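Enquirer: This is the content of target_31.csv (CSV, C-alpha atoms and all ligand atoms):
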chain,number,residue,atom,x,y,z
A,8,MET,CA,182.2,92.4,105.0
A,9,SER,CA,183.0,90.6,108.2
A,10,ASP,CA,181.6,91.5,111.6
A,11,ALA,CA,183.6,90.6,114.7
A,12,ASN,CA,180.3,90.1,116.7
A,13,ASP,CA,178.8,87.8,114.0
A,14,VAL,CA,178.9,84.4,115.6
A,15,THR,CA,176.8,82.7,112.8
A,16,ARG,CA,178.3,79.6,111.2
A,17,LYS,CA,178.2,78.2,107.7
A,18,ILE,CA,175.5,75.6,107.2
A,19,ILE,CA,176.7,72.6,105.3
A,20,VAL,CA,174.4,70.9,102.8
A,21,PHE,CA,173.5,67.5,101.4
A,22,GLY,CA,176.5,65.6,100.2
A,23,HIS,CA,178.8,66.7,103.1
A,24,ASP,CA,180.2,63.7,105.0
A,25,THR,CA,179.5,65.3,108.5
A,26,LEU,CA,175.7,65.1,107.8
A,27,ARG,CA,176.0,61.3,107.6
A,28,ARG,CA,178.1,60.8,110.7
A,29,HIS,CA,176.9,59.8,114.2
A,30,ALA,CA,177.4,62.8,116.4
A,31,LYS,CA,179.5,62.3,119.6
A,32,LEU,CA,178.0,62.7,123.1
A,33,VAL,CA,179.0,65.9,124.8
A,34,PRO,CA,181.2,65.0,127.8
A,35,ALA,CA,180.4,68.1,129.8
A,36,VAL,CA,178.3,71.2,129.2
A,37,ASP,CA,181.1,73.8,129.5
A,38,ASP,CA,181.6,77.3,128.1
A,39,SER,CA,182.7,75.9,124.7
A,40,ILE,CA,179.4,74.0,124.4
A,41,ARG,CA,177.4,77.1,125.5
A,42,GLU,CA,179.3,79.1,122.9
A,43,LEU,CA,178.4,76.5,120.3
A,44,VAL,CA,174.7,76.7,121.4
A,45,ASP,CA,174.7,80.5,121.1
A,46,SER,CA,176.2,80.4,117.7
A,47,MET,CA,173.7,77.7,116.6
A,48,PHE,CA,170.8,79.9,117.8
A,49,ALA,CA,172.2,82.9,115.9
A,50,THR,CA,172.7,80.7,112.7
A,51,MET,CA,169.2,79.3,113.0
A,52,TYR,CA,167.5,82.6,113.4
A,53,GLY,CA,169.7,84.2,110.7
A,54,ALA,CA,168.9,81.5,108.1
A,55,PRO,CA,166.0,81.7,109.1
A,56,GLY,CA,165.0,78.3,110.4
A,57,ILE,CA,163.1,76.6,113.2
A,58,GLY,CA,165.7,74.0,114.2
A,59,LEU,CA,169.4,73.3,113.8
A,60,ALA,CA,171.6,70.4,114.8
A,61,ALA,CA,175.4,70.8,115.4
A,62,PRO,CA,176.4,68.5,112.5
A,63,GLN,CA,174.8,71.1,110.2
A,64,VAL,CA,177.5,73.6,111.2
A,65,ASP,CA,180.1,70.8,110.8
A,66,GLU,CA,180.4,70.0,114.5
A,67,SER,CA,179.8,66.3,115.1
A,68,LEU,CA,178.4,66.7,118.6
A,69,ALA,CA,175.0,65.8,120.1
A,70,VAL,CA,173.6,69.3,120.4
A,71,ILE,CA,170.4,70.7,118.9
A,72,VAL,CA,168.5,73.9,119.1
A,73,VAL,CA,164.9,74.5,118.2
A,74,HIS,CA,162.4,77.4,118.1
A,75,PRO,CA,159.3,76.6,116.0
A,76,ARG,CA,156.7,79.4,115.8
A,77,SER,CA,153.0,78.8,116.0
A,78,GLU,CA,149.9,80.9,116.8
A,79,GLU,CA,148.0,77.8,117.8
A,80,GLU,CA,150.3,76.1,120.2
A,81,GLU,CA,152.8,76.9,122.9
A,82,THR,CA,156.4,76.7,121.6
A,83,ARG,CA,159.7,78.0,122.9
A,84,ALA,CA,163.4,78.3,122.2
A,85,LEU,CA,165.2,75.3,123.6
A,86,ALA,CA,168.7,73.8,123.4
A,87,LEU,CA,168.9,70.0,123.9
A,88,ILE,CA,172.3,68.4,124.6
A,89,ASN,CA,172.8,64.6,124.4
A,90,PRO,CA,169.0,64.2,123.8
A,91,GLU,CA,167.6,60.7,123.8
A,92,THR,CA,164.1,59.4,123.2
A,93,LEU,CA,162.6,57.5,126.1
A,94,ASP,CA,159.1,56.9,124.7
A,95,TYR,CA,156.9,58.0,121.8
A,96,GLY,CA,153.5,57.4,120.3
A,97,GLY,CA,150.8,58.6,117.9
A,98,ARG,CA,151.3,59.4,114.2
A,99,SER,CA,151.2,62.6,112.3
A,100,THR,CA,152.1,63.8,108.9
A,101,PHE,CA,153.6,67.3,108.4
A,102,GLU,CA,155.5,69.0,105.6
A,103,GLU,CA,159.2,69.3,106.5
A,104,GLY,CA,162.2,71.1,105.1
A,105,CYS,CA,165.8,71.3,106.2
A,106,LEU,CA,168.4,74.1,106.0
A,107,SER,CA,170.9,71.4,104.8
A,108,VAL,CA,168.5,70.3,102.0
A,109,PRO,CA,167.5,73.7,100.6
A,110,GLY,CA,164.4,74.0,98.4
A,111,ILE,CA,163.0,70.6,99.2
A,112,PHE,CA,159.8,70.2,101.2
A,113,GLU,CA,158.1,66.8,101.7
A,114,ASP,CA,155.3,65.3,103.9
A,115,ILE,CA,156.9,63.2,106.5
A,116,ARG,CA,155.2,60.8,109.0
A,117,ARG,CA,156.5,60.7,112.5
A,118,PRO,CA,155.2,59.9,116.0
A,119,SER,CA,153.1,62.8,117.2
A,120,TRP,CA,154.6,62.9,120.7
A,121,ILE,CA,157.9,62.0,122.4
A,122,LYS,CA,159.3,61.8,125.8
A,123,ALA,CA,162.9,62.9,125.8
A,124,ARG,CA,165.8,63.1,128.2
A,125,TYR,CA,168.5,65.8,127.6
A,126,LEU,CA,170.9,68.1,129.3
A,127,ASP,CA,169.9,71.8,129.2
A,128,PHE,CA,172.0,74.9,128.7
A,129,ASP,CA,173.2,74.7,132.4
A,130,GLY,CA,174.0,71.0,132.1
A,131,ALA,CA,171.0,69.9,134.2
A,132,GLU,CA,169.3,66.6,133.2
A,133,VAL,CA,165.7,67.2,132.1
A,134,THR,CA,163.0,64.6,131.2
A,135,GLU,CA,160.1,66.2,129.3
A,136,GLU,CA,157.3,65.3,127.0
A,137,PHE,CA,156.8,67.2,123.7
A,138,ASP,CA,153.9,67.1,121.2
A,139,GLY,CA,152.9,69.2,118.2
A,140,LEU,CA,155.5,71.3,116.5
A,141,MET,CA,158.0,70.9,119.3
A,142,ALA,CA,157.9,67.1,119.0
A,143,ARG,CA,158.1,67.4,115.2
A,144,VAL,CA,161.2,69.7,115.1
A,145,ILE,CA,163.0,67.9,117.9
A,146,GLN,CA,162.6,64.5,116.1
A,147,HIS,CA,163.9,66.1,112.9
A,148,GLU,CA,166.9,67.5,114.6
A,149,MET,CA,167.6,64.3,116.6
A,150,ASP,CA,167.7,62.4,113.3
A,151,HIS,CA,170.7,64.6,112.3
A,152,LEU,CA,172.6,63.3,115.3
A,153,LYS,CA,172.2,59.8,113.9
A,154,GLY,CA,173.4,60.9,110.4
A,155,LYS,CA,169.9,60.8,109.1
A,156,LEU,CA,168.1,63.4,107.0
A,157,PHE,CA,164.3,63.9,106.6
A,158,ILE,CA,164.4,62.7,103.0
A,159,ASP,CA,165.5,59.3,104.3
A,160,HIS,CA,162.0,58.8,105.5
A,161,LEU,CA,160.6,59.1,102.0
A,162,SER,CA,159.4,56.1,99.9
A,163,PRO,CA,161.9,54.9,97.2
A,164,MET,CA,159.5,56.3,94.6
A,165,ARG,CA,159.2,59.7,96.2
A,166,ARG,CA,163.0,59.7,96.7
A,167,ALA,CA,163.6,58.9,93.0
A,168,LEU,CA,161.4,61.9,92.1
A,169,ILE,CA,163.7,64.4,94.0
A,170,LYS,CA,167.0,62.7,92.9
A,171,ARG,CA,167.9,65.3,90.4
A,172,ARG,CA,167.2,68.2,92.8
A,173,LEU,CA,169.3,66.5,95.4
A,174,ARG,CA,172.2,66.2,92.9
A,175,ASN,CA,171.9,69.9,92.2
A,176,ILE,CA,172.2,70.8,95.9
A,177,GLN,CA,175.3,68.6,96.1
A,178,ALA,CA,176.9,70.2,93.0
A,179,ASP,CA,176.8,73.7,94.5
B,1,ZN,ZN,167.4,69.3,109.1
Now, as a test, write the supplied structure out as structure tokens.
Ligand SMILES: [Zn+2]

Expert:
Amino acid sequence: MSDANDVTRKIIVFGHDTLRRHAKLVPAVDDSIRELVDSMFATMYGAPGIGLAAPQVDESLAVIVVHPRSEEEETRALALINPETLDYGGRSTFEEGCLSVPGIFEDIRRPSWIKARYLDFDGAEVTEEFDGLMARVIQHEMDHLKGKLFIDHLSPMRRALIKRRLRNIQAD
């Protein structure tokens, strides 16, 4: 059954070309971009997931949304348009998954904090530092904008071990 108010989008999975493309910068944060952001939040919450990048809904644009949940640290819902990393540091390992690589969860090492510049929902330029879960999820989603998936961070041996499961995702 279709619902006219349902703005959720189909999430594409491993093997789809768009996931490997570099996303285009957004020229202006207009209503069409705000609509995309709204539909991405709805899709992310509906999945459910804690982050989503526009290429995952087959839109090759530099837009990500995140909303990790934690009882230990402060997190929030945030849309980042044309995000770029200005600085980063530290190291942490955390188990990641991805809505476009369903069923696979792997420990990934990343910087523990980042300083990012992005445009917000209103098109204002923001420079902000993130750590903890927010830094983790934002980095994962920013990778998508470069056509990169979290499994690309794995060692060749670890990658070989999940090869068959990746093929199964692709075949669906
Ligand atoms: Zn992902």

Enquirer: Ligand ZN 1 (chain B): which residues are within 8 Å, counting all atoms listed in the file? Reply as a ChimeraX atom specification.

Expert: /A:58-60,63,104-108,147-148,151,156-157

Enquirer: So that I can see what lies close to Leu87 of chain A, please list as a PyMOL selection string the residues with an atom at most 12 Å from it, counting all atoms listed in the file and leaving out residues fewer than 2 positions away in the same chain.

Expert: chain A and resi 32-33+36+40-41+44+47-48+58-61+68-74+84-85+89-92+123-135+141+144-146+148-149+152

Enquirer: Go ahead and compute the interatomic distance for atom CA of Lys17 of chain A and atom CA of Gln177 of chain A, in Å to one decimal.

Expert: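 Answer for the atom CA of Lys17 of chain A to atom CA of Gln177 of chain A separation: 15.3 Å.
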
Enquirer: Counting only C-alpha atoms, which of A:Gly139, A:Pro118, A:Pro109, A:Pro62 gets nearest to Ile158 of chain A?

Expert: A:Pro109

Enquirer: Using all atoms listed in the file, which residues sit within 12 Å of Arg172 of chain A once same-chain residues fewer than 2 positions away are excluded, as a list in words?

Expert: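 Here the qualifying residues turn out to be Phe21, Val108, Pro109, Gly110, Ile111, Phe112, Ile158, Arg166, Ala167, Leu168, Ile169, Lys170, Arg174, Asn175, Ile176, Gln177, Ala178 and Asp179 of chain A.
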
Enquirer: Separation of atom CA of Glu102 of chain A and atom CA of Leu43 of chain A, in Å?

Expert: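 Distance between the two atoms: 28.2 Å.
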
Enquirer: So how far away is atom CA of Leu161 of chain A from atom CA of Glu113 of chain A, in Å?

Expert: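 Answer for the atom CA of Glu113 of chain A to atom CA of Leu161 of chain A separation: 8.1 Å.
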
Enquirer: Any idea what's packed within 9 Å of Ser119 of chain A, counting all atoms listed in the file, ignoring anything in its chain fewer than 2 positions away? Could you give it as a PyMOL selection string?

Expert: chain A and resi 95-100+116-117+121+137-140+142-143

Enquirer: Using only C-alpha atoms for the distances, tell me which of A:Ser162, A:Thr15, A:Ser67, A:Ser39 is nearest to Ala54 of chain A.

Expert: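 Result for the nearest residue to Ala54 of chain A: A:Thr15.
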
Enquirer: Give the answer as one residue: which of A:Asp38, A:Asp94, A:Asp24, A:Asp150 has the shortest atom-to-atom distance to Asp65 of chain A, using all atoms listed in the file?

Expert: A:Asp24

Enquirer: With N, CA, C and O atoms as the goal, would you fill in the gaps in segment 76-90 of chain A and present it as a short mmCIF file (atom, residue, chain, number, x, y, z; two decimals), keeping the file's coordinate frame?

Expert:
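Output (out36.cif):
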data_model
loop_
_atom_site.label_atom_id
_atom_site.label_comp_id
_atom_site.auth_asym_id
_atom_site.auth_seq_id
_atom_site.Cartn_x
_atom_site.Cartn_y
_atom_site.Cartn_z
N ARG A 76 157.68 78.35 115.51
CA ARG A 76 156.70 79.40 115.80
C ARG A 76 155.33 78.94 115.45
O ARG A 76 155.14 78.36 114.39
N SER A 77 154.37 79.22 116.32
CA SER A 77 153.00 78.80 116.00
C SER A 77 152.05 79.77 116.78
O SER A 77 152.34 80.18 117.90
N GLU A 78 150.93 80.09 116.13
CA GLU A 78 149.90 80.90 116.80
C GLU A 78 148.94 79.99 117.56
O GLU A 78 148.22 80.42 118.44
N GLU A 79 148.94 78.68 117.18
CA GLU A 79 148.00 77.80 117.80
C GLU A 79 148.46 77.02 118.99
O GLU A 79 147.68 76.55 119.79
N GLU A 80 149.77 76.87 119.09
CA GLU A 80 150.30 76.10 120.20
C GLU A 80 151.47 76.77 120.87
O GLU A 80 152.09 77.66 120.30
N GLU A 81 151.75 76.30 122.08
CA GLU A 81 152.80 76.90 122.90
C GLU A 81 154.17 76.30 122.36
O GLU A 81 154.34 75.09 122.31
N THR A 82 155.10 77.17 122.00
CA THR A 82 156.40 76.70 121.60
C THR A 82 157.45 77.62 122.26
O THR A 82 157.11 78.68 122.80
N ARG A 83 158.71 77.18 122.26
CA ARG A 83 159.70 78.00 122.90
C ARG A 83 161.12 77.70 122.31
O ARG A 83 161.30 76.66 121.67
N ALA A 84 162.05 78.59 122.56
CA ALA A 84 163.40 78.30 122.20
C ALA A 84 164.01 77.35 123.18
O ALA A 84 163.85 77.52 124.39
N LEU A 85 164.68 76.32 122.67
CA LEU A 85 165.20 75.30 123.60
C LEU A 85 166.47 74.68 122.97
O LEU A 85 166.53 74.40 121.77
N ALA A 86 167.49 74.50 123.82
CA ALA A 86 168.70 73.80 123.40
C ALA A 86 168.65 72.40 124.11
O ALA A 86 168.35 72.32 125.31
N LEU A 87 168.89 71.35 123.37
CA LEU A 87 168.90 70.00 123.90
C LEU A 87 170.29 69.38 123.65
O LEU A 87 170.72 69.30 122.50
N ILE A 88 170.99 69.01 124.74
CA ILE A 88 172.30 68.40 124.60
C ILE A 88 172.23 66.95 125.00
O ILE A 88 171.56 66.60 125.99
N ASN A 89 172.87 66.10 124.21
CA ASN A 89 172.80 64.60 124.40
C ASN A 89 171.34 64.14 124.50
O ASN A 89 171.03 63.34 125.39
N PRO A 90 170.45 64.59 123.63
CA PRO A 90 169.00 64.20 123.80
C PRO A 90 168.86 62.70 123.40
O PRO A 90 169.56 62.18 122.53
#
